[in-house]
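Data block below; observations after.
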Amino acid sequence: QVQLVESGGGLVQAGGSLRLSCAASGRTFSNYAMAWFRQAPGKEREFVAAINWSGSNTGYADSVMDRFTISRDNTKNTLYLQMTSLKPEDTAVYYCAARGGGPYYRYFTSGNEYYYWGQGTQVTVSS
């Protein structure tokens with residue numbers, strides 16, 4: 001089992017920045033591919049960003065490309081999402097997710113491919 005706890009959400013003005021963190025415990029963090037997803041009110045959950053075991057490979061949704069950066073610190077068992085140039089449409093609950101297995105170089109972009117989820121952290125961007 002892996003336990004995931006997100007933090008760092010809050011209220012920010014459009015154009016501002018936030019950094020989300022996801023603390024993992026329970027298993028060897030470095031063996032897990034990780035990702036961020038988000039869900040806005042009335043909408044389906046959507047992929048935001050993903051990263052492989054070592055952090056050498058990353059992927060992003062088109063909507064956040066060049067604004068968000070996913071990273072991880074395996075020595076601290078922590079996943080990060082640096083968000084800049086935030087827009088009102090980025091308002092959502094943000095979730096981190098983890099999965100083991102698969103090639104070491106891969107990241108995964110479908111929520112169905114993840115086994116463990118955090119409880120989410122709210123990000124609200126005002127216009």
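Letters A, B, ... mark the chains of the structure tokens in the order given; residue numbers begin at 1 per chain; ligand numbers begin at 1, in order shown.
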Which neighbours of A:Ala92 fall inside 8 Å, counting only C-alpha atoms, when residues of the same chain fewer than 4 positions from it are skipped, and could you give them as a list in words?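 Those residues are Arg38, Gln39, Ala40, Pro41, Gln122, Val123 and Thr124 of chain A.
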Run DSSP on the backbone and grab whatever in stretch 12-108 of chain A lands in helix (DSSP H, G or I); send it over as a list in words.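 Here are the helix (DSSP H, G or I) residues of stretch 12-108 of chain A: Phe29, Ser30, Asn31, Pro88, Glu89 and Asp90 of chain A.
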Pick out the residues sitting within 10 Å of A:Leu86, and hand them over as a list in words; count only C-alpha atoms, and ignore anything fewer than 5 positions along from it in its own chain.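 In the requested form, the answer reads Val12, Gln13, Ala14, Gly15, Gly16, Ser17, Leu18, Val64, Arg67, Phe68, Thr91, Val123, Thr124, Val125, Ser126 and Ser127 of chain A.
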Which one of A:Ile51, A:Leu11, A:Thr58, A:Tyr104 sits closest to A:Lys87 if you count only C-alpha atoms?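 Checking each of A:Ile51, A:Leu11, A:Thr58, A:Tyr104 against A:Lys87, counting only C-alpha atoms, the winner is A:Leu11.
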Between A:Thr84, A:Leu79, A:Gly8, A:Trp53, which is the closest to A:Ser25 once you count only C-alpha atoms?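 Using only C-alpha atoms, the shortest distance to A:Ser25 belongs to A:Leu79.
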For atom CA of A:Tyr114 and atom CA of A:Gly101, determine how far apart the two atoms are, in Å to one decimal place.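 Spanning atom CA of A:Tyr114 to atom CA of A:Gly101 is a straight-line distance of 10.3 Å.
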Which residues are near A:Glu113? Cut-off 10 Å, only C-alpha atoms, ignore same chain within fewer than 2 positions. Put them as a list in words.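 Residues meeting the cut-off are Ala97, Ala98, Arg99, Gly100, Tyr107, Phe108, Thr109, Ser110, Gly111, Tyr115 and Tyr116 of chain A.
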Kindly export the residues of the current selection with N, CA and C atoms, as a short mmCIF file (atom, residue, chain, number, x, y, z; two decimals), in the first residue's frame.
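Dumped everything to again32.cif:
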data_model
loop_
_atom_site.label_atom_id
_atom_site.label_comp_id
_atom_site.auth_asym_id
_atom_site.auth_seq_id
_atom_site.Cartn_x
_atom_site.Cartn_y
_atom_site.Cartn_z
N ALA A 97 -1.35 10.71 -7.90
CA ALA A 97 -1.60 9.29 -8.09
C ALA A 97 -0.28 8.56 -8.26
N ALA A 98 -0.26 7.28 -7.91
CA ALA A 98 0.95 6.47 -7.98
C ALA A 98 0.63 5.08 -8.50
N ARG A 99 1.63 4.50 -9.17
CA ARG A 99 1.50 3.13 -9.60
C ARG A 99 2.89 2.50 -9.66
N GLY A 100 2.96 1.23 -9.36
CA GLY A 100 4.18 0.47 -9.51
C GLY A 100 4.13 -0.34 -10.79
N TYR A 107 6.06 6.93 -18.17
CA TYR A 107 5.06 7.58 -17.34
C TYR A 107 3.70 7.22 -17.94
N PHE A 108 2.66 7.46 -17.18
CA PHE A 108 1.33 7.01 -17.57
C PHE A 108 0.35 8.18 -17.47
N THR A 109 -0.54 8.29 -18.46
CA THR A 109 -1.41 9.46 -18.51
C THR A 109 -2.89 9.17 -18.28
N SER A 110 -3.24 7.91 -18.12
CA SER A 110 -4.63 7.55 -17.88
C SER A 110 -4.86 7.27 -16.41
N GLY A 111 -5.94 7.81 -15.87
CA GLY A 111 -6.25 7.57 -14.47
C GLY A 111 -6.45 6.09 -14.17
N TYR A 115 -2.96 3.04 -9.26
CA TYR A 115 -3.54 2.21 -8.21
C TYR A 115 -3.84 2.99 -6.93
N TYR A 116 -3.07 4.05 -6.70
CA TYR A 116 -3.18 4.77 -5.43
C TYR A 116 -3.44 6.24 -5.70
#
Enumerate the residues of stretch 29-79 of chain A with a DSSP assignment of strand (DSSP E), computed from the backbone, and present them as a list in words.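 Strand (DSSP E) assignments inside stretch 29-79 of chain A correspond to Tyr32, Ala33, Met34, Ala35, Trp36, Phe37, Arg38, Gln39, Glu46, Phe47, Val48, Ala49, Ala50, Ile51, Thr58, Gly59, Tyr60, Phe68, Thr69, Ile70, Ser71, Arg72, Asp73, Thr78 and Leu79 of chain A.
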Output file for the selection above: C-alpha atoms, as an mmCIF file, in the first residue's frame:
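Produced file again.cif, reproduced below:
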data_model
loop_
_atom_site.group_PDB
_atom_site.id
_atom_site.type_symbol
_atom_site.label_atom_id
_atom_site.label_comp_id
_atom_site.auth_asym_id
_atom_site.auth_seq_id
_atom_site.Cartn_x
_atom_site.Cartn_y
_atom_site.Cartn_z
ATOM 1 C CA TYR A 32 6.486 4.265 -8.486
ATOM 2 C CA ALA A 33 5.493 6.297 -11.496
ATOM 3 C CA MET A 34 3.499 9.327 -10.387
ATOM 4 C CA ALA A 35 1.066 11.830 -11.813
ATOM 5 C CA TRP A 36 -1.203 14.762 -11.113
ATOM 6 C CA PHE A 37 -4.822 14.841 -12.155
ATOM 7 C CA ARG A 38 -7.521 17.425 -11.530
ATOM 8 C CA GLN A 39 -11.275 17.610 -11.407
ATOM 9 C CA GLU A 46 -8.436 15.024 -16.332
ATOM 10 C CA PHE A 47 -4.748 14.319 -16.659
ATOM 11 C CA VAL A 48 -2.374 17.156 -15.826
ATOM 12 C CA ALA A 49 1.202 15.837 -15.678
ATOM 13 C CA ALA A 50 3.109 12.597 -15.150
ATOM 14 C CA ILE A 51 6.627 11.502 -14.298
ATOM 15 C CA THR A 58 7.751 13.765 -17.932
ATOM 16 C CA GLY A 59 4.545 14.400 -19.819
ATOM 17 C CA TYR A 60 1.955 17.176 -19.733
ATOM 18 C CA PHE A 68 3.286 23.632 -15.038
ATOM 19 C CA THR A 69 6.312 21.564 -14.061
ATOM 20 C CA ILE A 70 6.171 18.143 -12.415
ATOM 21 C CA SER A 71 9.134 16.921 -10.404
ATOM 22 C CA ARG A 72 9.970 14.505 -7.635
ATOM 23 C CA ASP A 73 12.480 14.133 -4.841
ATOM 24 C CA THR A 78 7.662 13.748 -2.402
ATOM 25 C CA LEU A 79 6.084 14.680 -5.718
#
Using only C-alpha atoms for the distances, tell me which of A:Lys43, A:Gln119, A:Gly26, A:Arg106 is nearest to A:Gly55.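 Closest to A:Gly55, using only C-alpha atoms: A:Arg106.
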